[in-house]
>>> print(open('final24.cif').read())   # mmCIF, C-alpha atoms and all ligand atoms
data_work
#
loop_
_atom_site.label_atom_id
_atom_site.label_comp_id
_atom_site.auth_asym_id
_atom_site.auth_seq_id
_atom_site.Cartn_x
_atom_site.Cartn_y
_atom_site.Cartn_z
CA MET A 161 130.92 96.17 129.95
CA LEU A 162 133.42 98.31 131.75
CA PRO A 163 133.25 98.41 135.53
CA THR A 164 130.35 100.42 136.83
CA SER A 165 129.13 101.09 140.32
CA ALA A 166 125.65 101.57 138.95
CA ARG A 167 122.87 100.61 141.28
CA GLN A 168 120.71 97.82 139.94
CA LEU A 169 117.09 98.73 139.36
CA LEU A 170 114.49 96.60 137.69
CA VAL A 171 112.27 97.54 134.83
CA HIS A 172 109.76 94.90 133.90
CA ALA A 173 109.69 93.91 130.25
CA GLY A 174 106.47 95.00 128.59
CA GLU A 175 105.66 97.49 131.33
CA THR A 176 103.92 100.59 130.05
CA PRO A 177 105.46 104.02 130.67
CA ALA A 178 102.51 104.85 132.94
CA ALA A 179 103.06 101.71 135.01
CA ALA A 180 106.81 102.27 135.12
CA LYS A 181 106.22 105.78 136.36
CA ARG A 182 104.20 104.48 139.31
CA ARG A 183 107.08 102.23 140.35
CA PRO A 184 109.52 103.87 142.74
CA GLY A 185 112.85 104.97 141.30
CA PHE A 186 111.78 105.70 137.76
CA GLU A 187 111.15 108.72 135.70
CA ILE A 188 110.10 108.84 132.06
CA VAL A 189 112.25 111.11 129.95
CA PHE A 190 111.42 111.53 126.28
CA ARG A 191 114.54 113.23 125.08
CA ARG A 192 113.09 115.41 122.38
CA ARG A 193 115.18 118.37 123.37
CA PRO A 194 118.89 118.40 122.65
CA GLY A 195 120.99 118.15 125.74
CA GLY A 196 118.68 115.70 127.50
CA ASP A 197 119.61 113.88 130.65
CA GLY A 198 123.00 112.37 129.89
CA LEU A 199 123.91 112.05 133.55
CA ARG A 200 121.99 108.86 134.07
CA GLN A 201 121.63 105.49 132.40
CA HIS A 202 118.73 104.90 130.04
CA THR A 203 116.68 102.03 128.74
CA ILE A 204 113.42 102.00 126.77
CA ALA A 205 109.98 102.27 128.32
CA GLU A 206 108.11 99.56 126.43
CA THR A 207 108.77 96.46 124.37
CA VAL A 208 108.78 97.07 120.61
CA SER A 209 109.19 94.73 117.63
CA CYS A 210 109.85 94.87 113.94
CA THR A 211 110.40 92.51 111.04
CA GLY A 212 112.99 92.95 108.33
CA THR A 213 115.34 91.14 105.98
CA ALA A 214 118.72 89.76 106.97
CA LEU A 215 121.45 91.26 104.76
CA TYR A 216 123.63 88.16 104.42
CA SER A 217 121.10 85.30 104.43
CA GLY A 218 118.22 87.23 102.86
CA ASP A 219 115.86 85.57 105.36
CA PRO A 220 113.08 87.42 107.19
CA VAL A 221 114.05 88.28 110.79
CA HIS A 222 111.91 89.26 113.75
CA LEU A 223 113.48 91.64 116.24
CA THR A 224 112.14 92.53 119.70
CA LEU A 225 113.65 95.24 121.91
CA SER A 226 112.76 95.29 125.61
CA PRO A 227 113.68 97.37 128.68
CA ALA A 228 116.57 96.11 130.80
CA PRO A 229 117.78 96.92 134.33
CA ALA A 230 120.41 99.60 134.97
CA GLY A 231 123.94 98.24 134.82
CA SER A 232 122.90 95.24 132.71
CA GLY A 233 124.15 96.56 129.34
CA VAL A 234 122.95 95.23 126.00
CA VAL A 235 122.06 91.54 125.96
CA PHE A 236 121.18 89.60 122.80
CA VAL A 237 118.94 86.53 122.96
CA ARG A 238 118.70 84.02 120.11
CA SER A 239 114.97 83.34 120.40
CA ASP A 240 115.03 80.78 117.55
CA ARG A 241 117.04 78.34 119.62
CA ASN A 242 115.56 76.08 122.28
CA ASP A 243 118.33 76.94 124.74
CA ARG A 244 117.79 80.69 124.11
CA PRO A 245 121.48 81.60 124.51
CA GLU A 246 122.23 85.11 125.79
CA ILE A 247 125.19 87.17 124.65
CA LEU A 248 126.27 90.19 126.68
CA ALA A 249 127.75 92.79 124.31
CA HIS A 250 131.28 94.00 125.11
CA PRO A 251 134.48 94.40 123.07
CA GLY A 252 135.67 90.91 124.06
CA VAL A 253 132.89 89.10 122.17
CA VAL A 254 133.36 90.89 118.82
CA GLN A 255 134.50 88.48 116.11
CA THR A 256 137.55 89.68 114.26
CA SER A 257 136.53 88.24 110.89
CA GLY A 258 133.48 88.56 108.73
CA PRO A 259 131.54 91.51 107.35
CA GLY A 260 129.38 93.48 109.71
CA MET A 261 129.83 93.43 113.44
CA THR A 262 129.23 89.95 114.82
CA LEU A 263 129.10 89.14 118.52
CA SER A 264 129.87 85.58 119.50
CA ASP A 265 129.76 83.93 122.91
CA VAL A 266 128.40 80.82 124.66
CA GLY A 267 128.26 78.94 121.35
CA ALA A 268 125.95 81.46 119.70
CA SER A 269 126.39 84.51 117.53
CA VAL A 270 124.44 87.53 116.29
CA GLY A 271 125.71 89.52 113.31
CA ALA A 272 125.06 92.86 111.63
CA VAL A 273 124.54 94.58 115.00
CA GLU A 274 126.53 97.76 114.24
CA HIS A 275 123.70 100.05 113.15
CA LEU A 276 121.52 99.16 116.15
CA PHE A 277 124.51 99.99 118.35
CA ALA A 278 125.02 103.28 116.54
CA ALA A 279 121.40 104.17 117.38
CA LEU A 280 121.93 103.21 121.03
CA PHE A 281 125.09 105.33 121.22
CA GLY A 282 123.41 108.27 119.51
CA LEU A 283 120.34 108.18 121.76
CA GLY A 284 122.32 107.43 124.91
CA ILE A 285 120.62 104.08 125.63
CA ASP A 286 122.72 101.90 127.93
CA ASN A 287 120.55 98.92 128.82
CA LEU A 288 118.49 96.83 126.40
CA ARG A 289 117.34 93.26 125.82
CA VAL A 290 117.44 92.32 122.12
CA GLU A 291 115.67 89.15 121.00
CA VAL A 292 116.26 88.00 117.45
CA ASP A 293 115.06 84.79 115.77
CA GLY A 294 118.12 84.26 113.55
CA PRO A 295 121.89 84.78 113.31
CA GLU A 296 121.75 88.43 112.20
CA LEU A 297 119.72 91.59 112.71
CA PRO A 298 117.55 92.95 109.90
CA VAL A 299 119.38 95.37 107.58
CA MET A 300 116.43 97.81 107.34
CA ASP A 301 117.44 100.66 104.98
CA GLY A 302 121.20 100.30 105.62
CA SER A 303 121.24 103.15 108.14
CA ALA A 304 120.44 103.53 111.85
CA ALA A 305 117.29 105.64 111.28
CA PRO A 306 114.76 102.74 111.45
CA PHE A 307 116.27 101.64 114.79
CA VAL A 308 116.07 105.22 116.05
CA PHE A 309 112.39 105.28 115.04
CA LEU A 310 111.76 101.97 116.86
CA LEU A 311 113.54 103.11 120.04
CA ARG A 312 111.76 106.47 120.01
CA SER A 313 108.41 104.67 119.57
CA ALA A 314 109.18 102.61 122.68
CA GLY A 315 110.00 105.76 124.65
CA ILE A 316 113.30 106.40 126.39
CA LEU A 317 113.38 105.84 130.12
CA ALA A 318 115.87 107.44 132.49
CA GLN A 319 117.12 105.12 135.21
CA ARG A 320 118.36 106.26 138.56
CA ALA A 321 121.87 104.86 138.18
CA PRO A 322 124.51 107.26 136.87
CA ARG A 323 126.07 106.64 133.47
CA PRO A 324 129.81 106.18 133.87
CA VAL A 325 132.03 108.40 131.78
CA LEU A 326 135.35 107.24 130.36
CA ARG A 327 137.77 110.17 130.33
CA ILE A 328 140.79 109.81 128.11
CA ARG A 329 144.01 110.88 129.86
CA ARG A 330 146.62 109.74 127.34
CA PRO A 331 146.33 109.30 123.57
CA ILE A 332 145.59 105.85 122.15
CA GLU A 333 146.23 105.27 118.46
CA VAL A 334 145.92 102.38 116.01
CA ARG A 335 147.42 102.57 112.53
CA ASP A 336 147.37 100.86 109.17
CA GLY A 337 149.94 102.71 107.09
CA ALA A 338 148.65 106.25 106.54
CA ARG A 339 145.22 105.29 107.87
CA PHE A 340 144.68 105.69 111.60
CA ALA A 341 142.18 106.03 114.41
CA ARG A 342 143.19 107.97 117.50
CA ILE A 343 141.58 109.17 120.72
CA GLU A 344 143.15 111.86 122.88
CA PRO A 345 142.21 113.94 125.92
CA ALA A 346 139.57 116.64 125.40
CA ARG A 347 136.99 118.51 127.41
CA SER A 348 134.08 116.93 125.54
CA PHE A 349 133.16 114.17 123.09
CA ARG A 350 134.42 115.18 119.65
CA VAL A 351 134.99 113.41 116.37
CA GLU A 352 136.93 114.42 113.26
CA TYR A 353 136.57 111.89 110.47
CA ALA A 354 137.97 111.81 106.93
CA VAL A 355 137.34 109.38 104.07
CA GLU A 356 139.05 109.37 100.70
CA PHE A 357 138.06 107.39 97.62
CA GLU A 358 139.11 107.85 94.01
CA HIS A 359 135.52 108.34 92.94
CA PRO A 360 133.84 111.49 91.61
CA ALA A 361 130.95 111.18 94.08
CA ILE A 362 133.25 110.91 97.11
CA ARG A 363 136.88 112.08 96.70
CA ARG A 364 137.85 113.48 100.11
CA GLN A 365 135.06 114.07 102.64
CA GLU A 366 135.57 115.33 106.17
CA TYR A 367 133.01 115.42 108.96
CA ARG A 368 133.33 116.99 112.37
CA VAL A 369 131.15 116.28 115.41
CA ASP A 370 131.46 118.96 118.03
CA GLY A 371 128.69 119.67 120.46
CA PHE A 372 127.13 116.26 119.98
CA ASP A 373 123.71 115.37 121.32
CA SER A 374 120.96 112.94 120.44
CA ALA A 375 118.99 115.46 118.35
CA LEU A 376 122.05 116.15 116.20
CA PHE A 377 122.67 112.43 115.82
CA GLU A 378 119.09 111.82 114.69
CA ARG A 379 119.04 114.72 112.27
CA GLU A 380 122.52 114.62 110.76
CA ILE A 381 123.94 111.12 111.11
CA SER A 382 121.40 108.37 111.81
CA ALA A 383 119.96 108.19 108.26
CA ALA A 384 123.31 107.89 106.43
CA ARG A 385 123.32 104.56 104.57
CA SER A 386 125.92 101.89 103.90
CA PHE A 387 127.61 102.15 100.52
CA GLY A 388 129.50 99.94 98.11
CA PHE A 389 131.01 99.92 94.64
CA LEU A 390 129.08 98.20 91.86
CA ARG A 391 132.00 95.90 90.94
CA ASP A 392 132.15 94.65 94.57
CA VAL A 393 128.46 94.50 95.47
CA SER A 394 127.35 92.88 92.20
CA SER A 395 129.71 89.94 92.76
CA LEU A 396 128.66 89.67 96.43
CA TRP A 397 124.96 89.87 95.58
CA ASN A 398 125.25 87.49 92.63
CA THR A 399 127.31 84.82 94.37
CA GLY A 400 124.75 84.62 97.17
CA LYS A 401 127.09 85.85 99.91
CA VAL A 402 124.86 88.87 100.53
CA ARG A 403 121.41 87.63 99.58
CA GLY A 404 119.52 90.51 101.18
CA GLY A 405 121.60 93.25 99.56
CA SER A 406 119.75 95.66 97.29
CA LEU A 407 119.42 99.30 96.35
CA ASP A 408 116.88 99.51 99.19
CA ASN A 409 119.65 99.11 101.78
CA THR A 410 122.89 100.12 100.03
CA VAL A 411 124.11 103.19 98.18
CA VAL A 412 125.78 101.72 95.10
CA LEU A 413 128.41 103.58 93.07
CA ASP A 414 129.31 102.77 89.49
CA ASP A 415 132.32 104.34 87.74
CA THR A 416 130.70 107.73 87.35
CA GLY A 417 128.14 108.24 90.08
CA VAL A 418 125.35 106.91 92.30
CA VAL A 419 123.20 104.09 90.87
CA ASN A 420 120.27 104.53 93.31
CA ARG A 421 117.48 106.36 91.53
CA ASP A 422 116.80 108.78 94.39
CA GLY A 423 120.48 109.65 94.78
CA LEU A 424 122.07 110.56 98.10
CA ARG A 425 120.54 111.86 101.32
CA TRP A 426 123.54 114.21 101.72
CA SER A 427 126.40 114.81 99.31
CA ASP A 428 128.71 113.67 102.12
CA GLU A 429 126.52 110.70 103.13
CA PHE A 430 129.61 108.46 102.85
CA VAL A 431 131.62 110.05 105.63
CA ARG A 432 128.48 110.44 107.75
CA HIS A 433 127.92 106.69 107.51
CA LYS A 434 131.51 106.06 108.60
CA VAL A 435 130.89 108.21 111.68
CA LEU A 436 127.70 106.19 112.31
CA ASP A 437 129.71 102.95 112.10
CA LEU A 438 132.33 104.37 114.49
CA PHE A 439 129.57 105.11 117.02
CA GLY A 440 128.37 101.51 116.67
CA ASP A 441 131.79 100.27 117.72
CA LEU A 442 132.24 102.77 120.55
CA ALA A 443 128.85 101.76 121.98
CA LEU A 444 130.34 98.39 122.94
CA LEU A 445 132.37 100.12 125.65
CA GLY A 446 129.10 100.70 127.50
CA VAL A 447 130.06 104.15 128.76
CA ALA A 448 129.88 107.78 127.72
CA ILE A 449 133.19 108.98 126.32
CA GLN A 450 135.08 112.19 126.94
CA GLY A 451 137.82 112.51 124.37
CA ARG A 452 138.62 113.69 120.87
CA ILE A 453 138.60 111.01 118.19
CA ARG A 454 140.35 111.48 114.87
CA VAL A 455 140.01 108.94 112.09
CA GLU A 456 141.82 109.13 108.77
CA ARG A 457 140.38 106.82 106.09
CA GLY A 458 138.84 104.52 108.68
CA GLY A 459 136.67 101.46 108.42
CA GLN A 460 135.32 98.64 110.54
CA ALA A 461 138.74 97.07 111.17
CA LEU A 462 140.27 100.33 112.46
CA HIS A 463 137.19 101.17 114.55
CA ARG A 464 137.31 97.74 116.14
CA ARG A 465 141.02 97.98 116.83
CA LEU A 466 140.56 101.40 118.46
CA THR A 467 137.70 100.16 120.66
CA ALA A 468 139.70 97.07 121.64
CA ALA A 469 142.78 99.23 122.35
CA ILE A 470 140.73 101.54 124.59
CA ALA A 471 139.31 98.57 126.49
CA ALA A 472 142.79 97.04 126.85
CA THR A 473 144.56 100.23 128.01
CA PRO A 474 143.04 101.21 131.36
CA ARG A 475 146.09 103.31 132.27
CA ALA A 476 145.11 105.73 129.48
CA TRP A 477 141.72 106.63 130.93
CA ARG A 478 139.73 106.95 134.08
CA ILE A 479 136.12 105.98 134.69
CA GLY A 480 134.02 108.26 136.79
CA ALA A 481 130.59 109.66 137.36
CA PRO A 482 129.87 112.85 135.45
CA ASP A 483 130.59 115.87 137.60
CA ALA A 484 128.92 119.25 137.60
CA GLY A 485 130.26 121.65 135.02
CA ALA A 486 132.21 119.00 133.14
CA PRO A 487 131.30 117.81 129.66
CA ARG A 488 129.19 114.71 129.96
CA GLY A 489 129.86 112.55 126.99
CA ILE A 490 127.47 111.78 124.27
CA ALA A 491 124.09 112.98 125.39
CA LEU A 492 124.85 116.51 126.47
CA SER A 493 126.16 119.50 124.63
CA PRO A 494 129.76 119.88 125.74
CA ALA A 495 131.23 122.92 127.38
CA PRO A 496 133.22 125.08 124.95
CA ALA A 497 136.78 123.84 124.72
ZN ZN A 501 127.57 100.62 108.48
#
>>> encode(input="final24.cif", output="structure tokens")
Amino acid sequence: MLPTSARQLLVHAGETPAAAKRRPGFEIVFRRRPGGDGLRQHTIAETVSCTGTALYSGDPVHLTLSPAPAGSGVVFVRSDRNDRPEILAHPGVVQTSGPGMTLSDVGASVGAVEHLFAALFGLGIDNLRVEVDGPELPVMDGSAAPFVFLLRSAGILAQRAPRPVLRIRRPIEVRDGARFARIEPARSFRVEYAVEFEHPAIRRQEYRVDGFDSALFEREISAARSFGFLRDVSSLWNTGKVRGGSLDNTVVLDDTGVVNRDGLRWSDEFVRHKVLDLFGDLALLGVAIQGRIRVERGGQALHRRLTAAIAATPRAWRIGAPDAGAPRGIALSPAPA
């Protein structure tokens, strides 16, 4: 977590929205309308659970999400271990190797967390306790939509503490040949993303996020699924490295098109999923972001390097409380640039 002057307030795990409302200092906000309250930190109102399949091990996993105090960030608990180790999510605990985003600290790790984080970023949820009874989160349908559904079912709770905003003052860029990820000063949170694959179903796809809010995230981005090429996924699935992989959680492409019987959710689902993954990485910063991000042919490695570079370059940004009239990061519609 980046430094925050947020005031600590307690929400009791398992507390109902009605009970939470009676406690001083809380207000229930169900952000159905775009442009909800992005000025303050948010958690969820009630504890919710789900069961799914782990992508890599193929094992069943039980996941429980609970409210957490303002300023506490996202904490993972390995509930299958007697010592119940807790991992606080921040860019410093992201493992540099391995597929999926894996957080590792205090001798424990939790993998495949990126789509949950994308949902948290998209809905503007800052504080959450995540209990999982295995080394990775369930893959669900390969998108962030099931996590959005779960978080919405729990209810989203505004906390009194302000959400800090990271304002970019100087560009930060990471490169890999012609591929790059860059963030530069802007009056709002904006993303321009491009992917390019020599495949008839993809070719070049560009996606622009401008005027971002949680409703737009839910409607246009959250349901975009992971994808892979048949030659790659069939060897991964068959050699047992990705035991839970299937057409239920991956868009698979053969030489000519999409293998999945129901096809795509959008013709540009591929670039939308890349944007979703980018959000999952940015969420680790634990702040709203004011800046324009451009990614050319990105992927997990570039997203991670950009997030790490932002965290490691404090002279390029300033953290502050959102001020009146200024664009407020992810949860509010930005002022016109
Ligand atoms: Zn992904």
>>> atom_distance(input="final24.cif", atom1="atom CA of Leu288 of chain A", atom2="atom CA of Ile316 of chain A")
10.9 Å
>>> residues_around(input="final24.cif", residues="Ala279 of chain A", least_positions_apart="3", cutoff="10 Å", atoms="only C-alpha atoms", output="list of chain:residue names")
A:Glu274, A:His275, A:Leu276, A:Gly282, A:Leu283, A:Gly284, A:Ile285, A:Ser303, A:Ala304, A:Ala305, A:Pro306, A:Phe307, A:Val308, A:Phe309, A:Leu310, A:Leu311, A:Ser374, A:Phe377, A:Glu378, A:Ile381, A:Ser382, A:Leu436, A:Asp437, A:Phe439, A:Gly440, A:Ala443
>>> write_last_selection(input="final24.cif", atoms="C-alpha atoms", output="CSV table (one decimal), in the frame of the given file")
chain,number,residue,atom,x,y,z
A,274,GLU,CA,126.5,97.8,114.2
A,275,HIS,CA,123.7,100.0,113.2
A,276,LEU,CA,121.5,99.2,116.2
A,282,GLY,CA,123.4,108.3,119.5
A,283,LEU,CA,120.3,108.2,121.8
A,284,GLY,CA,122.3,107.4,124.9
A,285,ILE,CA,120.6,104.1,125.6
A,303,SER,CA,121.2,103.2,108.1
A,304,ALA,CA,120.4,103.5,111.8
A,305,ALA,CA,117.3,105.6,111.3
A,306,PRO,CA,114.8,102.7,111.4
A,307,PHE,CA,116.3,101.6,114.8
A,308,VAL,CA,116.1,105.2,116.0
A,309,PHE,CA,112.4,105.3,115.0
A,310,LEU,CA,111.8,102.0,116.9
A,311,LEU,CA,113.5,103.1,120.0
A,374,SER,CA,121.0,112.9,120.4
A,377,PHE,CA,122.7,112.4,115.8
A,378,GLU,CA,119.1,111.8,114.7
A,381,ILE,CA,123.9,111.1,111.1
A,382,SER,CA,121.4,108.4,111.8
A,436,LEU,CA,127.7,106.2,112.3
A,437,ASP,CA,129.7,103.0,112.1
A,439,PHE,CA,129.6,105.1,117.0
A,440,GLY,CA,128.4,101.5,116.7
A,443,ALA,CA,128.8,101.8,122.0
>>> residues_near_point(input="final24.cif", point="(124.1, 103.1, 93.5)", cutoff="8 Å", atoms="all atoms listed in the file", output="number ranges by chain")
A: 387-390, 407, 410-414, 417-421, 423
>>> closest_residue(input="final24.cif", among="A:Val455, A:Pro295, A:Thr213, A:Tyr367", to="Glu344 of chain A", atoms="all atoms listed in the file")
A:Val455
>>> atom_distance(input="final24.cif", atom1="atom CA of Val355 of chain A", atom2="atom CA of Trp426 of chain A")
14.8 Å
>>> closest_residue(input="final24.cif", among="A:Val235, A:Ala338, A:Ala249, A:Ala314", to="Val292 of chain A", atoms="only C-alpha atoms")
A:Val235
>>> atom_distance(input="final24.cif", atom1="atom CA of Gly459 of chain A", atom2="atom CA of Leu438 of chain A")
8.0 Å
>>> closest_residue(input="final24.cif", among="A:Ala476, A:Val369, A:Val393, A:Ala469", to="Pro331 of chain A", atoms="all atoms listed in the file")
A:Ala476
>>> residues_around(input="final24.cif", residues="Asp286 of chain A", least_positions_apart="2", cutoff="7 Å", atoms="all atoms listed in the file", output="PyMOL selection string")
chain A and resi 201-203+233-234+284+288+446
>>> closest_residue(input="final24.cif", among="A:Ala278, A:Ile247, A:Val290, A:Leu466", to="ligand ZN 501 (chain A)", atoms="only C-alpha atoms and all ligand atoms")
A:Ala278
>>> closest_residue(input="final24.cif", among="A:Pro227, A:Gly212, A:Pro220, A:Gly458", to="ligand ZN 501 (chain A)", atoms="all atoms listed in the file")
A:Gly458
>>> closest_residue(input="final24.cif", among="A:Glu291, A:Asp336, A:Asp428, A:Asp441", to="ligand ZN 501 (chain A)", atoms="all atoms listed in the file")
A:Asp441
>>> decode(input="final24.cif", residues="segment 430-456 of chain A", atoms="N, CA and C atoms", output="PDB file, in the first residue's frame")
ATOM      1  N   PHE A 430     -10.623  -9.594 -26.884  1.00  0.00           N
ATOM      2  CA  PHE A 430      -9.207  -9.815 -26.568  1.00  0.00           C
ATOM      3  C   PHE A 430      -8.579  -8.571 -25.948  1.00  0.00           C
ATOM      4  N   VAL A 431      -8.767  -7.437 -26.604  1.00  0.00           N
ATOM      5  CA  VAL A 431      -8.159  -6.219 -26.067  1.00  0.00           C
ATOM      6  C   VAL A 431      -8.879  -5.785 -24.790  1.00  0.00           C
ATOM      7  N   ARG A 432     -10.182  -6.053 -24.713  1.00  0.00           N
ATOM      8  CA  ARG A 432     -10.905  -5.729 -23.468  1.00  0.00           C
ATOM      9  C   ARG A 432     -10.345  -6.535 -22.300  1.00  0.00           C
ATOM     10  N   HIS A 433     -10.003  -7.812 -22.548  1.00  0.00           N
ATOM     11  CA  HIS A 433      -9.434  -8.600 -21.452  1.00  0.00           C
ATOM     12  C   HIS A 433      -8.062  -8.069 -21.030  1.00  0.00           C
ATOM     13  N   LYS A 434      -7.296  -7.580 -22.004  1.00  0.00           N
ATOM     14  CA  LYS A 434      -5.985  -7.004 -21.660  1.00  0.00           C
ATOM     15  C   LYS A 434      -6.144  -5.775 -20.768  1.00  0.00           C
ATOM     16  N   VAL A 435      -7.167  -4.965 -21.059  1.00  0.00           N
ATOM     17  CA  VAL A 435      -7.445  -3.800 -20.216  1.00  0.00           C
ATOM     18  C   VAL A 435      -7.827  -4.265 -18.813  1.00  0.00           C
ATOM     19  N   LEU A 436      -8.659  -5.308 -18.743  1.00  0.00           N
ATOM     20  CA  LEU A 436      -9.061  -5.903 -17.461  1.00  0.00           C
ATOM     21  C   LEU A 436      -7.815  -6.337 -16.664  1.00  0.00           C
ATOM     22  N   ASP A 437      -6.900  -7.034 -17.345  1.00  0.00           N
ATOM     23  CA  ASP A 437      -5.673  -7.475 -16.677  1.00  0.00           C
ATOM     24  C   ASP A 437      -4.844  -6.287 -16.185  1.00  0.00           C
ATOM     25  N   LEU A 438      -4.778  -5.229 -17.007  1.00  0.00           N
ATOM     26  CA  LEU A 438      -4.041  -4.021 -16.605  1.00  0.00           C
ATOM     27  C   LEU A 438      -4.627  -3.446 -15.317  1.00  0.00           C
ATOM     28  N   PHE A 439      -5.959  -3.390 -15.240  1.00  0.00           N
ATOM     29  CA  PHE A 439      -6.620  -2.887 -14.027  1.00  0.00           C
ATOM     30  C   PHE A 439      -6.232  -3.738 -12.813  1.00  0.00           C
ATOM     31  N   GLY A 440      -6.151  -5.063 -13.035  1.00  0.00           N
ATOM     32  CA  GLY A 440      -5.780  -5.961 -11.936  1.00  0.00           C
ATOM     33  C   GLY A 440      -4.412  -5.624 -11.378  1.00  0.00           C
ATOM     34  N   ASP A 441      -3.486  -5.259 -12.241  1.00  0.00           N
ATOM     35  CA  ASP A 441      -2.154  -4.870 -11.776  1.00  0.00           C
ATOM     36  C   ASP A 441      -2.163  -3.502 -11.105  1.00  0.00           C
ATOM     37  N   LEU A 442      -2.878  -2.554 -11.697  1.00  0.00           N
ATOM     38  CA  LEU A 442      -2.911  -1.200 -11.126  1.00  0.00           C
ATOM     39  C   LEU A 442      -3.540  -1.195  -9.733  1.00  0.00           C
ATOM     40  N   ALA A 443      -4.484  -2.124  -9.502  1.00  0.00           N
ATOM     41  CA  ALA A 443      -5.179  -2.181  -8.215  1.00  0.00           C
ATOM     42  C   ALA A 443      -4.205  -2.373  -7.063  1.00  0.00           C
ATOM     43  N   LEU A 444      -3.057  -3.013  -7.339  1.00  0.00           N
ATOM     44  CA  LEU A 444      -2.085  -3.270  -6.268  1.00  0.00           C
ATOM     45  C   LEU A 444      -1.522  -1.989  -5.675  1.00  0.00           C
ATOM     46  N   LEU A 445      -1.606  -0.885  -6.416  1.00  0.00           N
ATOM     47  CA  LEU A 445      -1.093   0.379  -5.899  1.00  0.00           C
ATOM     48  C   LEU A 445      -1.963   0.898  -4.752  1.00  0.00           C
ATOM     49  N   GLY A 446      -3.207   0.432  -4.687  1.00  0.00           N
ATOM     50  CA  GLY A 446      -4.071   0.778  -3.559  1.00  0.00           C
ATOM     51  C   GLY A 446      -4.559   2.213  -3.550  1.00  0.00           C
ATOM     52  N   VAL A 447      -4.540   2.862  -4.701  1.00  0.00           N
ATOM     53  CA  VAL A 447      -4.981   4.257  -4.789  1.00  0.00           C
ATOM     54  C   VAL A 447      -5.773   4.457  -6.086  1.00  0.00           C
ATOM     55  N   ALA A 448      -6.537   5.536  -6.147  1.00  0.00           N
ATOM     56  CA  ALA A 448      -7.089   5.947  -7.433  1.00  0.00           C
ATOM     57  C   ALA A 448      -5.948   6.575  -8.242  1.00  0.00           C
ATOM     58  N   ILE A 449      -6.081   6.558  -9.542  1.00  0.00           N
ATOM     59  CA  ILE A 449      -4.994   7.040 -10.389  1.00  0.00           C
ATOM     60  C   ILE A 449      -5.490   8.135 -11.309  1.00  0.00           C
ATOM     61  N   GLN A 450      -4.742   9.220 -11.351  1.00  0.00           N
ATOM     62  CA  GLN A 450      -5.022  10.280 -12.325  1.00  0.00           C
ATOM     63  C   GLN A 450      -3.844  10.325 -13.289  1.00  0.00           C
ATOM     64  N   GLY A 451      -4.079   9.867 -14.493  1.00  0.00           N
ATOM     65  CA  GLY A 451      -3.016   9.828 -15.490  1.00  0.00           C
ATOM     66  C   GLY A 451      -3.522   9.115 -16.723  1.00  0.00           C
ATOM     67  N   ARG A 452      -2.792   9.273 -17.817  1.00  0.00           N
ATOM     68  CA  ARG A 452      -3.168   8.637 -19.077  1.00  0.00           C
ATOM     69  C   ARG A 452      -2.203   7.490 -19.324  1.00  0.00           C
ATOM     70  N   ILE A 453      -2.770   6.287 -19.476  1.00  0.00           N
ATOM     71  CA  ILE A 453      -1.951   5.099 -19.681  1.00  0.00           C
ATOM     72  C   ILE A 453      -2.062   4.671 -21.136  1.00  0.00           C
ATOM     73  N   ARG A 454      -0.919   4.434 -21.758  1.00  0.00           N
ATOM     74  CA  ARG A 454      -0.913   3.897 -23.119  1.00  0.00           C
ATOM     75  C   ARG A 454      -0.125   2.600 -23.119  1.00  0.00           C
ATOM     76  N   VAL A 455      -0.737   1.567 -23.678  1.00  0.00           N
ATOM     77  CA  VAL A 455      -0.044   0.276 -23.757  1.00  0.00           C
ATOM     78  C   VAL A 455      -0.081  -0.198 -25.202  1.00  0.00           C
ATOM     79  N   GLU A 456       1.079  -0.540 -25.722  1.00  0.00           N
ATOM     80  CA  GLU A 456       1.185  -1.087 -27.069  1.00  0.00           C
ATOM     81  C   GLU A 456       1.619  -2.540 -26.945  1.00  0.00           C
TER      82      GLU A 456
END
